[in-house]
$ cat my_file_22.cif   # mmCIF, C-alpha atoms
data_final
loop_
_atom_site.label_atom_id
_atom_site.label_comp_id
_atom_site.auth_asym_id
_atom_site.auth_seq_id
_atom_site.Cartn_x
_atom_site.Cartn_y
_atom_site.Cartn_z
CA MET H 14 -32.39 -88.07 17.77
CA LYS H 15 -31.96 -84.77 19.63
CA LYS H 16 -28.64 -86.00 21.10
CA ARG H 17 -27.38 -86.91 17.62
CA ILE H 18 -28.27 -83.46 16.30
CA LEU H 19 -26.56 -81.76 19.23
CA ARG H 20 -23.46 -83.95 18.80
CA SER H 21 -23.34 -83.24 15.07
CA THR H 22 -23.72 -79.50 15.69
CA TRP H 23 -20.97 -79.57 18.31
CA ILE H 24 -18.59 -81.38 15.95
CA SER H 25 -19.31 -78.84 13.21
CA ILE H 26 -18.61 -75.95 15.59
CA VAL H 27 -15.30 -77.51 16.70
CA MET H 28 -14.24 -78.08 13.09
CA LEU H 29 -15.16 -74.50 12.18
CA LEU H 30 -13.20 -73.07 15.11
CA THR H 31 -10.20 -75.25 14.24
CA THR H 32 -10.28 -74.04 10.62
CA ILE H 33 -10.51 -70.40 11.75
CA THR H 34 -7.55 -70.91 14.12
CA ILE H 35 -5.42 -72.49 11.38
CA LEU H 36 -6.26 -69.75 8.87
CA SER H 37 -5.56 -67.09 11.47
CA GLY H 38 -2.18 -68.67 12.22
CA CYS H 39 -1.27 -68.76 8.53
CA THR H 40 -2.29 -65.12 8.16
CA ASN H 41 -0.16 -64.10 11.15
CA VAL H 42 2.88 -65.97 9.79
CA LYS H 43 2.51 -64.32 6.39
CA LYS H 44 1.99 -60.88 7.91
CA ARG H 45 5.09 -61.30 10.07
CA ALA H 46 7.15 -62.41 7.06
CA ASP H 47 5.94 -59.45 5.01
CA THR H 48 6.47 -56.77 7.66
CA THR H 49 9.23 -57.80 10.09
CA ASP H 50 12.80 -56.62 9.48
CA THR H 51 15.08 -59.22 11.09
CA TRP H 52 18.48 -57.59 10.45
CA THR H 53 18.94 -56.66 14.12
CA THR H 54 18.14 -60.24 15.17
CA ILE H 55 20.58 -61.66 12.63
CA LYS H 56 23.33 -59.34 13.88
CA GLN H 57 22.66 -60.19 17.51
CA ARG H 58 22.88 -63.93 16.95
CA ASN H 59 25.78 -63.37 14.50
CA LYS H 60 24.37 -65.92 12.09
CA VAL H 61 22.23 -65.97 8.95
CA ILE H 62 20.57 -69.22 7.88
CA VAL H 63 20.64 -70.09 4.17
CA GLY H 64 18.37 -72.80 2.79
CA LEU H 65 19.62 -74.89 -0.13
CA ASP H 66 19.43 -78.11 -2.10
CA ASP H 67 22.87 -79.57 -1.33
CA SER H 68 23.03 -81.58 -4.56
CA PHE H 69 22.88 -78.64 -7.00
CA VAL H 70 26.30 -78.57 -8.63
CA PRO H 71 28.13 -76.28 -8.96
CA MET H 72 25.99 -73.83 -6.92
CA GLY H 73 25.91 -75.72 -3.63
CA PHE H 74 26.71 -79.42 -3.18
CA ARG H 75 28.53 -81.89 -0.99
CA GLU H 76 31.78 -83.50 -1.99
CA LYS H 77 32.44 -87.17 -1.25
CA ASN H 78 33.86 -86.22 2.15
CA GLY H 79 30.63 -84.42 3.02
CA GLN H 80 32.07 -80.91 2.75
CA LEU H 81 29.65 -78.32 1.39
CA VAL H 82 31.12 -76.39 -1.53
CA GLY H 83 30.00 -74.43 -4.57
CA TYR H 84 29.63 -71.05 -6.22
CA ASP H 85 26.77 -69.88 -4.01
CA ILE H 86 28.52 -71.17 -0.91
CA ASP H 87 31.59 -69.06 -1.67
CA LEU H 88 29.52 -66.04 -2.66
CA ALA H 89 27.28 -66.12 0.42
CA ARG H 90 30.28 -66.35 2.72
CA ALA H 91 31.98 -63.49 0.89
CA VAL H 92 28.88 -61.31 1.24
CA PHE H 93 28.43 -61.82 4.98
CA ARG H 94 32.15 -61.69 5.68
CA LYS H 95 31.78 -57.98 5.01
CA TYR H 96 29.44 -57.74 8.00
CA GLY H 97 31.24 -60.18 10.27
CA ILE H 98 28.28 -62.59 10.19
CA LYS H 99 28.56 -66.38 9.98
CA VAL H 100 26.58 -68.25 7.32
CA ASP H 101 24.79 -71.42 8.44
CA PHE H 102 23.73 -73.56 5.47
CA GLN H 103 20.66 -75.73 6.01
CA THR H 104 19.56 -78.45 3.60
CA ILE H 105 15.85 -78.21 2.81
CA ASP H 106 13.21 -79.85 0.64
CA TRP H 107 13.51 -77.59 -2.42
CA SER H 108 9.80 -77.86 -3.18
CA MET H 109 9.09 -76.34 0.29
CA LYS H 110 11.66 -73.54 0.17
CA GLU H 111 9.21 -70.61 0.22
CA THR H 112 7.31 -72.18 3.13
CA GLU H 113 10.54 -72.67 5.09
CA LEU H 114 11.44 -69.03 4.44
CA ARG H 115 8.04 -67.67 5.45
CA ASN H 116 7.97 -69.78 8.63
CA GLY H 117 11.39 -68.49 9.69
CA THR H 118 13.19 -71.84 9.50
CA ILE H 119 15.66 -70.16 7.14
CA ASP H 120 16.50 -66.51 6.45
CA LEU H 121 17.47 -66.80 2.78
CA ILE H 122 17.01 -69.01 -0.26
CA TRP H 123 20.40 -68.98 -1.98
CA ASN H 124 21.07 -71.87 -4.33
CA GLY H 125 20.65 -71.05 -8.02
CA TYR H 126 17.28 -69.45 -7.19
CA THR H 127 15.58 -67.91 -10.22
CA LYS H 128 13.54 -64.73 -10.14
CA SER H 129 9.99 -65.18 -11.43
CA PRO H 130 6.69 -63.27 -11.23
CA ALA H 131 5.09 -66.19 -9.39
CA ARG H 132 7.79 -66.28 -6.73
CA ALA H 133 7.80 -62.47 -6.42
CA LYS H 134 4.28 -62.69 -4.98
CA THR H 135 5.68 -64.18 -1.77
CA VAL H 136 9.44 -63.55 -1.88
CA ALA H 137 11.66 -60.45 -2.16
CA PHE H 138 14.72 -60.78 -4.40
CA SER H 139 18.21 -59.36 -4.28
CA ASN H 140 19.77 -57.92 -7.40
CA THR H 141 20.68 -60.46 -10.08
CA TYR H 142 24.19 -61.88 -9.71
CA LEU H 143 24.24 -64.62 -12.38
CA LYS H 144 22.47 -65.52 -15.64
CA ASN H 145 21.09 -68.98 -16.44
CA GLU H 146 18.78 -70.76 -18.88
CA GLN H 147 16.81 -73.99 -19.04
CA ILE H 148 18.10 -76.54 -21.56
CA LEU H 149 17.14 -80.05 -22.61
CA VAL H 150 19.80 -82.69 -21.96
CA THR H 151 19.61 -86.04 -23.72
CA LYS H 152 21.89 -88.95 -24.50
CA LYS H 153 23.13 -88.84 -28.09
CA SER H 154 22.18 -92.51 -28.43
CA ALA H 155 18.50 -91.48 -28.12
CA GLY H 156 18.75 -89.54 -31.38
CA ILE H 157 16.92 -86.48 -29.99
CA LYS H 158 18.21 -83.31 -31.68
CA GLN H 159 15.27 -80.96 -31.18
CA ALA H 160 12.29 -80.46 -28.88
CA ALA H 161 9.85 -82.07 -31.32
CA ALA H 162 11.85 -85.31 -31.12
CA MET H 163 10.59 -85.65 -27.53
CA HIS H 164 7.21 -86.62 -29.01
CA GLY H 165 5.89 -89.59 -27.05
CA GLN H 166 8.94 -89.62 -24.75
CA THR H 167 9.44 -89.22 -20.99
CA LEU H 168 10.96 -86.05 -19.55
CA GLY H 169 12.63 -85.53 -16.18
CA LEU H 170 12.08 -82.37 -14.09
CA GLN H 171 13.06 -81.23 -10.61
CA SER H 172 10.12 -80.66 -8.28
CA GLY H 173 9.54 -77.00 -7.46
CA SER H 174 12.23 -75.80 -9.87
CA SER H 175 12.14 -72.86 -12.27
CA GLY H 176 12.50 -75.44 -15.03
CA TYR H 177 9.21 -77.00 -13.99
CA GLN H 178 7.58 -73.55 -14.03
CA SER H 179 8.98 -72.86 -17.50
CA TYR H 180 7.82 -76.25 -18.74
CA THR H 181 4.23 -75.78 -17.56
CA GLY H 182 4.08 -72.03 -18.27
CA THR H 183 5.19 -72.24 -21.92
CA PRO H 184 3.76 -75.57 -23.12
CA GLN H 185 4.34 -74.75 -26.79
CA LEU H 186 8.11 -75.09 -26.40
CA LEU H 187 8.35 -78.62 -25.03
CA LYS H 188 5.30 -79.83 -23.12
CA GLN H 189 3.20 -80.30 -26.24
CA TYR H 190 5.52 -83.11 -27.38
CA VAL H 191 6.16 -84.95 -24.12
CA LYS H 192 4.07 -88.00 -23.23
CA ASN H 193 5.08 -88.47 -19.58
CA THR H 194 7.04 -86.58 -16.94
CA VAL H 195 8.91 -87.73 -13.85
CA GLN H 196 9.64 -85.28 -11.04
CA TYR H 197 12.81 -85.67 -8.99
CA ASP H 198 13.96 -84.26 -5.67
CA THR H 199 17.48 -83.82 -7.06
CA PHE H 200 19.10 -83.66 -10.49
CA ASN H 201 21.53 -86.38 -9.41
CA ASP H 202 18.64 -88.86 -9.33
CA ALA H 203 17.39 -87.54 -12.67
CA PHE H 204 20.77 -88.10 -14.33
CA LEU H 205 20.82 -91.68 -13.03
CA ASP H 206 17.53 -92.34 -14.82
CA LEU H 207 18.69 -90.52 -17.95
CA ASN H 208 21.85 -92.61 -18.09
CA ALA H 209 19.80 -95.79 -17.59
CA GLY H 210 17.32 -94.84 -20.32
CA ARG H 211 14.34 -94.61 -17.98
CA ILE H 212 13.79 -91.04 -19.18
CA GLN H 213 14.79 -89.73 -22.59
CA GLY H 214 15.28 -86.06 -21.74
CA LEU H 215 16.00 -83.84 -18.76
CA LEU H 216 15.02 -80.17 -18.46
CA ILE H 217 17.72 -78.61 -16.35
CA ASP H 218 19.62 -75.43 -15.51
CA SER H 219 22.49 -74.86 -17.93
CA VAL H 220 24.92 -74.12 -15.07
CA TYR H 221 24.20 -77.54 -13.54
CA ALA H 222 24.24 -79.41 -16.85
CA ASN H 223 27.51 -77.87 -18.03
CA TYR H 224 29.30 -78.65 -14.78
CA TYR H 225 27.90 -82.18 -14.41
CA ILE H 226 28.61 -83.24 -17.98
CA LYS H 227 32.08 -81.72 -17.97
CA HIS H 228 33.02 -83.96 -15.05
CA GLN H 229 31.72 -87.21 -16.58
CA ARG H 230 34.01 -89.77 -18.19
CA ASP H 231 31.58 -90.09 -21.11
CA ALA H 232 30.94 -86.34 -21.46
CA ASN H 233 30.72 -86.68 -25.25
CA SER H 234 27.72 -89.01 -24.92
CA TYR H 235 25.40 -86.14 -23.89
CA ARG H 236 23.63 -83.60 -26.04
CA GLU H 237 22.64 -80.14 -24.70
CA LEU H 238 19.77 -78.47 -26.54
CA PRO H 239 18.58 -74.88 -26.02
CA ILE H 240 14.78 -74.95 -26.31
CA GLY H 241 14.04 -71.24 -26.39
CA PHE H 242 13.10 -70.65 -22.77
CA PRO H 243 13.84 -67.07 -21.65
CA LYS H 244 17.13 -66.36 -19.90
CA GLU H 245 16.86 -66.57 -16.13
CA ASP H 246 18.22 -64.33 -13.38
CA PHE H 247 19.74 -65.97 -10.31
CA ALA H 248 19.15 -63.97 -7.14
CA VAL H 249 18.88 -64.37 -3.38
CA GLY H 250 15.36 -64.89 -2.03
CA MET H 251 14.25 -63.39 1.29
CA ARG H 252 11.15 -62.37 3.22
CA LYS H 253 9.48 -59.17 2.03
CA GLY H 254 9.88 -57.60 5.46
CA ASP H 255 13.67 -57.93 5.37
CA LYS H 256 14.38 -54.63 3.65
CA THR H 257 17.64 -53.99 5.53
CA LEU H 258 18.92 -57.48 4.75
CA ARG H 259 18.15 -56.92 1.07
CA THR H 260 20.01 -53.60 1.05
CA LYS H 261 23.04 -55.14 2.78
CA ILE H 262 23.20 -58.07 0.34
CA ASN H 263 22.88 -55.80 -2.70
CA GLN H 264 25.61 -53.50 -1.42
CA ALA H 265 27.96 -56.42 -0.81
CA LEU H 266 27.26 -58.01 -4.21
CA SER H 267 28.06 -54.74 -5.94
CA GLU H 268 31.30 -54.35 -3.97
CA LEU H 269 32.34 -57.94 -4.71
CA HIS H 270 31.76 -57.35 -8.41
CA ARG H 271 33.68 -54.09 -8.39
CA ASP H 272 36.59 -55.60 -6.45
CA GLN H 273 36.82 -58.59 -8.82
CA GLU H 274 36.15 -61.15 -6.06
CA MET H 275 32.92 -62.25 -7.75
CA LYS H 276 34.88 -62.70 -10.98
CA GLN H 277 37.36 -64.94 -9.17
CA ILE H 278 34.58 -67.06 -7.68
CA SER H 279 32.92 -67.42 -11.08
CA GLU H 280 36.15 -68.45 -12.81
CA LYS H 281 36.81 -70.97 -10.02
CA TRP H 282 33.52 -72.80 -10.62
CA PHE H 283 32.68 -72.12 -14.28
CA GLY H 284 36.05 -71.48 -15.88
CA VAL H 285 34.75 -68.13 -17.15
CA ASP H 286 33.36 -64.93 -15.64
CA ASN H 287 29.55 -65.30 -15.69
CA SER H 288 28.89 -62.76 -12.94
CA VAL H 289 26.78 -59.64 -13.42
CA ASP H 290 26.35 -56.44 -11.43
CA ASP H 291 22.65 -55.58 -11.46
CA LYS H 292 22.86 -52.47 -9.28
#

$ encode --input "my_file_22.cif" --output "structure tokens"
Amino acid sequence: MKKRILRSTWISIVMLLTTITILSGCTNVKKRADTTDTWTTIKQRNKVIVGLDDSFVPMGFREKNGQLVGYDIDLARAVFRKYGIKVDFQTIDWSMKETELRNGTIDLIWNGYTKSPARAKTVAFSNTYLKNEQILVTKKSAGIKQAAAMHGQTLGLQSGSSGYQSYTGTPQLLKQYVKNTVQYDTFNDAFLDLNAGRIQGLLIDSVYANYYIKHQRDANSYRELPIGFPKEDFAVGMRKGDKTLRTKINQALSELHRDQEMKQISEKWFGVDNSVDDK
């Protein structure tokens, strides 16, 4: 009996020490992310690492030949071209983006990333460079012309997206009507299910929806419905300790807007100038 008690006590002590070690490690990682300015390191290695979802058209996505293109791709390169720094784009699990940033796997989140109070608790933001909103996309054949028509239907959402936050944070706009939800890693997969009728609606960024639908043969078969969600600000996400990096990005964004290069990038991908200078 005494041996069993001693063994049980020893196991409990080991588990406690392991938990303390893990918590301590997490605290150290967070502290480092919140206090360390990595601009000198980025300059020395001559590379900044941007995390993205490489299926988010037209912000950052891969063409059929595998080439990475998009509005944010062009804009990020234009920003760091001013400092002679190469941009390395790294595909990540979008639902883990803040963790990847905090752990140092990436330096920036730059892929149609929306400012929000929840994200601001762990991430520092650049100035806003583009406006966006969440809209409901349906097939006209479903007969859904307003949010209430989603009563008893299934809605698609992207995991970890600002759309998901809007959906759960303001349930009176859409959630109160929806029976089931399906979360997707990418909007491409969500559109496949929408087209097949496996979901009846898709809550999605307007910039993505407009671009995707415009490039479909049956573009007229879709319906885009504003639901009333607040307008969103797209910005670059970074660690709170990277104050110099934030200043450099903001300076470059302002210069690109003033010199009309941001306008050119916007017109290339959207057909109109959607850029803003939030200096």

$ closest_atom_pairs --input "my_file_22.cif" --of "region 172-289 of chain H" --to "region 85-96 of chain H" --cutoff "10 Å" --atoms "all atoms listed in the file" --output "CSV"
residue,atom,partner,partner_atom,distance
H:Val249,CA,H:Ala89,CA,9.4
H:Lys261,CA,H:Val92,CA,8.6
H:Ile262,CA,H:Val92,CA,6.6
H:Asn263,CA,H:Val92,CA,9.0
H:Gln264,CA,H:Val92,CA,8.9
H:Ala265,CA,H:Val92,CA,5.4
H:Leu266,CA,H:Val92,CA,6.6
H:Ser267,CA,H:Val92,CA,9.8
H:Glu268,CA,H:Val92,CA,9.0
H:Leu269,CA,H:Val92,CA,7.7
H:Glu274,CA,H:Ala91,CA,8.4
H:Met275,CA,H:Leu88,CA,7.2
H:Ile278,CA,H:Asp87,CA,7.0
H:Ser279,CA,H:Leu88,CA,9.2
H:Trp282,CA,H:Asp85,CA,9.9

$ atom_distance --input "my_file_22.cif" --atom1 "CA of Val136 (chain H)" --atom2 "CA of Ala46 (chain H)"
9.3 Å

$ residues_around --input "my_file_22.cif" --residues "Lys244 (chain H)" --least-positions-apart "2" --cutoff "9 Å" --atoms "all atoms listed in the file" --output "PyMOL selection string"
chain H and resi 144-147+241-242+246

$ resolve_selection --input "my_file_22.cif" --expression "the PyMOL selection byres ((chain H and resi 177) around 12)" --output "number ranges by chain"
H: 108, 127, 147-148, 168-176, 178-184, 187-188, 194-197, 215-218, 242

$ atom_distance --input "my_file_22.cif" --atom1 "CA of Asp290 (chain H)" --atom2 "CA of Lys256 (chain H)"
19.3 Å

$ closest_residue --input "my_file_22.cif" --among "H:Gln103, H:Thr260, H:Thr53, H:Gln159" --to "Ile122 (chain H)" --atoms "all atoms listed in the file"
H:Gln103

$ residues_around --input "my_file_22.cif" --residues "region 151-156 of chain H" --least-positions-apart "4" --cutoff "8 Å" --atoms "all atoms listed in the file" --output "PyMOL selection string"
chain H and resi 207-208+213-215+234-237

$ atom_distance --input "my_file_22.cif" --atom1 "CA of Gln80 (chain H)" --atom2 "CA of Gly97 (chain H)"
22.1 Å

$ residues_near_point --input "my_file_22.cif" --point "(19.4, -52.8, 7.3)" --cutoff "6 Å" --atoms "all atoms listed in the file" --output "ChimeraX atom specification"
/H:52,257-258

$ residues_near_point --input "my_file_22.cif" --point "(23.1, -62.7, 8.8)" --cutoff "7 Å" --atoms "only C-alpha atoms" --output "list in words"
Ile55, Lys56, Asn59, Lys60, Val61, Phe93, Ile98, Lys99 and Val100 of chain H

$ resolve_selection --input "my_file_22.cif" --expression "the PyMOL selection byres ((chain H and resi 102) around 7)" --output "VMD selection string"
chain H and resid 62 to 64 100 to 101 103 to 104

$ resolve_selection --input "my_file_22.cif" --expression "the PyMOL selection byres ((chain H and resi 50) around 6)" --output "number ranges by chain"
H: 49, 51-52, 254-255

$ write_last_selection --input "my_file_22.cif" --atoms "C-alpha atoms" --output "short mmCIF file (atom, residue, chain, number, x, y, z; two decimals), in the coordinates of the input"
data_model
loop_
_atom_site.label_atom_id
_atom_site.label_comp_id
_atom_site.auth_asym_id
_atom_site.auth_seq_id
_atom_site.Cartn_x
_atom_site.Cartn_y
_atom_site.Cartn_z
CA THR H 49 9.23 -57.80 10.09
CA THR H 51 15.08 -59.22 11.09
CA TRP H 52 18.48 -57.59 10.45
CA GLY H 254 9.88 -57.60 5.46
CA ASP H 255 13.67 -57.93 5.37
#

$ closest_residue --input "my_file_22.cif" --among "H:Arg211, H:Lys253, H:Arg132, H:Arg230" --to "Lys44 (chain H)" --atoms "all atoms listed in the file"
H:Lys253

$ closest_residue --input "my_file_22.cif" --among "H:Gln185, H:Thr48, H:Asn140, H:Gln57" --to "Arg259 (chain H)" --atoms "only C-alpha atoms"
H:Asn140

$ closest_residue --input "my_file_22.cif" --among "H:Gln273, H:Thr112, H:Gln166, H:Ser288" --to "Ala248 (chain H)" --atoms "all atoms listed in the file"
H:Ser288

$ closest_residue --input "my_file_22.cif" --among "H:His164, H:Arg58, H:Lys128, H:Arg45" --to "Asn116 (chain H)" --atoms "all atoms listed in the file"
H:Arg45

$ closest_residue --input "my_file_22.cif" --among "H:Val70, H:Leu65, H:Met109, H:Leu121" --to "Lys227 (chain H)" --atoms "all atoms listed in the file"
H:Val70

$ residues_around --input "my_file_22.cif" --residues "Ala160 (chain H)" --least-positions-apart "5" --cutoff "8 Å" --atoms "all atoms listed in the file" --output "JSON, numbers by chain"
{"H": [149, 186, 187, 190, 240]}

$ decode --input "my_file_22.cif" --residues "region 73-95 of chain H" --atoms "N, CA, C and O atoms" --output "PDB file, in the first residue's frame"
ATOM      1  N   GLY H  73      -4.180  36.525 -52.074  1.00  0.00           N
ATOM      2  CA  GLY H  73      -2.980  35.710 -52.210  1.00  0.00           C
ATOM      3  C   GLY H  73      -3.388  34.289 -52.566  1.00  0.00           C
ATOM      4  O   GLY H  73      -4.036  33.628 -51.756  1.00  0.00           O
ATOM      5  N   PHE H  74      -3.048  33.831 -53.766  1.00  0.00           N
ATOM      6  CA  PHE H  74      -3.492  32.504 -54.203  1.00  0.00           C
ATOM      7  C   PHE H  74      -2.548  31.974 -55.272  1.00  0.00           C
ATOM      8  O   PHE H  74      -1.743  32.715 -55.848  1.00  0.00           O
ATOM      9  N   ARG H  75      -2.652  30.687 -55.526  1.00  0.00           N
ATOM     10  CA  ARG H  75      -1.789  30.056 -56.519  1.00  0.00           C
ATOM     11  C   ARG H  75      -2.548  29.830 -57.823  1.00  0.00           C
ATOM     12  O   ARG H  75      -3.659  29.318 -57.830  1.00  0.00           O
ATOM     13  N   GLU H  76      -1.903  30.218 -58.902  1.00  0.00           N
ATOM     14  CA  GLU H  76      -2.463  29.947 -60.215  1.00  0.00           C
ATOM     15  C   GLU H  76      -2.264  28.471 -60.554  1.00  0.00           C
ATOM     16  O   GLU H  76      -1.614  27.731 -59.800  1.00  0.00           O
ATOM     17  N   LYS H  77      -2.811  28.033 -61.672  1.00  0.00           N
ATOM     18  CA  LYS H  77      -2.731  26.621 -62.044  1.00  0.00           C
ATOM     19  C   LYS H  77      -1.289  26.143 -62.166  1.00  0.00           C
ATOM     20  O   LYS H  77      -0.998  24.970 -61.944  1.00  0.00           O
ATOM     21  N   ASN H  78      -0.382  27.048 -62.515  1.00  0.00           N
ATOM     22  CA  ASN H  78       1.030  26.663 -62.651  1.00  0.00           C
ATOM     23  C   ASN H  78       1.773  26.691 -61.322  1.00  0.00           C
ATOM     24  O   ASN H  78       2.980  26.454 -61.262  1.00  0.00           O
ATOM     25  N   GLY H  79       1.044  26.992 -60.238  1.00  0.00           N
ATOM     26  CA  GLY H  79       1.642  26.999 -58.911  1.00  0.00           C
ATOM     27  C   GLY H  79       2.210  28.335 -58.479  1.00  0.00           C
ATOM     28  O   GLY H  79       2.639  28.483 -57.325  1.00  0.00           O
ATOM     29  N   GLN H  80       2.229  29.316 -59.384  1.00  0.00           N
ATOM     30  CA  GLN H  80       2.776  30.631 -59.048  1.00  0.00           C
ATOM     31  C   GLN H  80       1.865  31.359 -58.066  1.00  0.00           C
ATOM     32  O   GLN H  80       0.647  31.392 -58.215  1.00  0.00           O
ATOM     33  N   LEU H  81       2.485  31.954 -57.047  1.00  0.00           N
ATOM     34  CA  LEU H  81       1.743  32.697 -56.035  1.00  0.00           C
ATOM     35  C   LEU H  81       1.536  34.128 -56.516  1.00  0.00           C
ATOM     36  O   LEU H  81       2.497  34.841 -56.823  1.00  0.00           O
ATOM     37  N   VAL H  82       0.278  34.550 -56.565  1.00  0.00           N
ATOM     38  CA  VAL H  82      -0.054  35.889 -57.048  1.00  0.00           C
ATOM     39  C   VAL H  82      -1.136  36.494 -56.163  1.00  0.00           C
ATOM     40  O   VAL H  82      -1.703  35.822 -55.303  1.00  0.00           O
ATOM     41  N   GLY H  83      -1.435  37.767 -56.378  1.00  0.00           N
ATOM     42  CA  GLY H  83      -2.537  38.389 -55.658  1.00  0.00           C
ATOM     43  C   GLY H  83      -2.234  39.802 -55.214  1.00  0.00           C
ATOM     44  O   GLY H  83      -1.092  40.285 -55.297  1.00  0.00           O
ATOM     45  N   TYR H  84      -3.258  40.480 -54.753  1.00  0.00           N
ATOM     46  CA  TYR H  84      -3.146  41.865 -54.307  1.00  0.00           C
ATOM     47  C   TYR H  84      -2.139  41.998 -53.168  1.00  0.00           C
ATOM     48  O   TYR H  84      -1.237  42.845 -53.208  1.00  0.00           O
ATOM     49  N   ASP H  85      -2.293  41.178 -52.139  1.00  0.00           N
ATOM     50  CA  ASP H  85      -1.390  41.277 -50.986  1.00  0.00           C
ATOM     51  C   ASP H  85       0.030  40.851 -51.327  1.00  0.00           C
ATOM     52  O   ASP H  85       0.993  41.334 -50.722  1.00  0.00           O
ATOM     53  N   ILE H  86       0.164  39.953 -52.285  1.00  0.00           N
ATOM     54  CA  ILE H  86       1.495  39.534 -52.722  1.00  0.00           C
ATOM     55  C   ILE H  86       2.220  40.726 -53.342  1.00  0.00           C
ATOM     56  O   ILE H  86       3.369  41.032 -53.000  1.00  0.00           O
ATOM     57  N   ASP H  87       1.525  41.407 -54.264  1.00  0.00           N
ATOM     58  CA  ASP H  87       2.121  42.576 -54.920  1.00  0.00           C
ATOM     59  C   ASP H  87       2.407  43.690 -53.919  1.00  0.00           C
ATOM     60  O   ASP H  87       3.453  44.347 -53.984  1.00  0.00           O
ATOM     61  N   LEU H  88       1.476  43.904 -52.996  1.00  0.00           N
ATOM     62  CA  LEU H  88       1.631  45.000 -52.038  1.00  0.00           C
ATOM     63  C   LEU H  88       2.778  44.729 -51.067  1.00  0.00           C
ATOM     64  O   LEU H  88       3.576  45.625 -50.769  1.00  0.00           O
ATOM     65  N   ALA H  89       2.878  43.511 -50.568  1.00  0.00           N
ATOM     66  CA  ALA H  89       3.964  43.169 -49.636  1.00  0.00           C
ATOM     67  C   ALA H  89       5.325  43.338 -50.300  1.00  0.00           C
ATOM     68  O   ALA H  89       6.264  43.879 -49.704  1.00  0.00           O
ATOM     69  N   ARG H  90       5.434  42.888 -51.536  1.00  0.00           N
ATOM     70  CA  ARG H  90       6.707  43.026 -52.251  1.00  0.00           C
ATOM     71  C   ARG H  90       7.044  44.492 -52.489  1.00  0.00           C
ATOM     72  O   ARG H  90       8.206  44.900 -52.390  1.00  0.00           O
ATOM     73  N   ALA H  91       6.016  45.286 -52.790  1.00  0.00           N
ATOM     74  CA  ALA H  91       6.247  46.715 -53.028  1.00  0.00           C
ATOM     75  C   ALA H  91       6.716  47.408 -51.754  1.00  0.00           C
ATOM     76  O   ALA H  91       7.591  48.282 -51.789  1.00  0.00           O
ATOM     77  N   VAL H  92       6.136  47.021 -50.620  1.00  0.00           N
ATOM     78  CA  VAL H  92       6.524  47.612 -49.336  1.00  0.00           C
ATOM     79  C   VAL H  92       7.980  47.317 -49.023  1.00  0.00           C
ATOM     80  O   VAL H  92       8.776  48.221 -48.713  1.00  0.00           O
ATOM     81  N   PHE H  93       8.378  46.057 -49.101  1.00  0.00           N
ATOM     82  CA  PHE H  93       9.736  45.688 -48.683  1.00  0.00           C
ATOM     83  C   PHE H  93      10.784  45.937 -49.756  1.00  0.00           C
ATOM     84  O   PHE H  93      11.989  45.929 -49.466  1.00  0.00           O
ATOM     85  N   ARG H  94      10.334  46.210 -50.971  1.00  0.00           N
ATOM     86  CA  ARG H  94      11.266  46.643 -52.012  1.00  0.00           C
ATOM     87  C   ARG H  94      11.908  47.974 -51.626  1.00  0.00           C
ATOM     88  O   ARG H  94      13.059  48.244 -51.961  1.00  0.00           O
ATOM     89  N   LYS H  95      11.161  48.768 -50.889  1.00  0.00           N
ATOM     90  CA  LYS H  95      11.674  50.064 -50.439  1.00  0.00           C
ATOM     91  C   LYS H  95      12.839  49.912 -49.462  1.00  0.00           C
ATOM     92  O   LYS H  95      13.636  50.832 -49.285  1.00  0.00           O
TER      93      LYS H  95
END
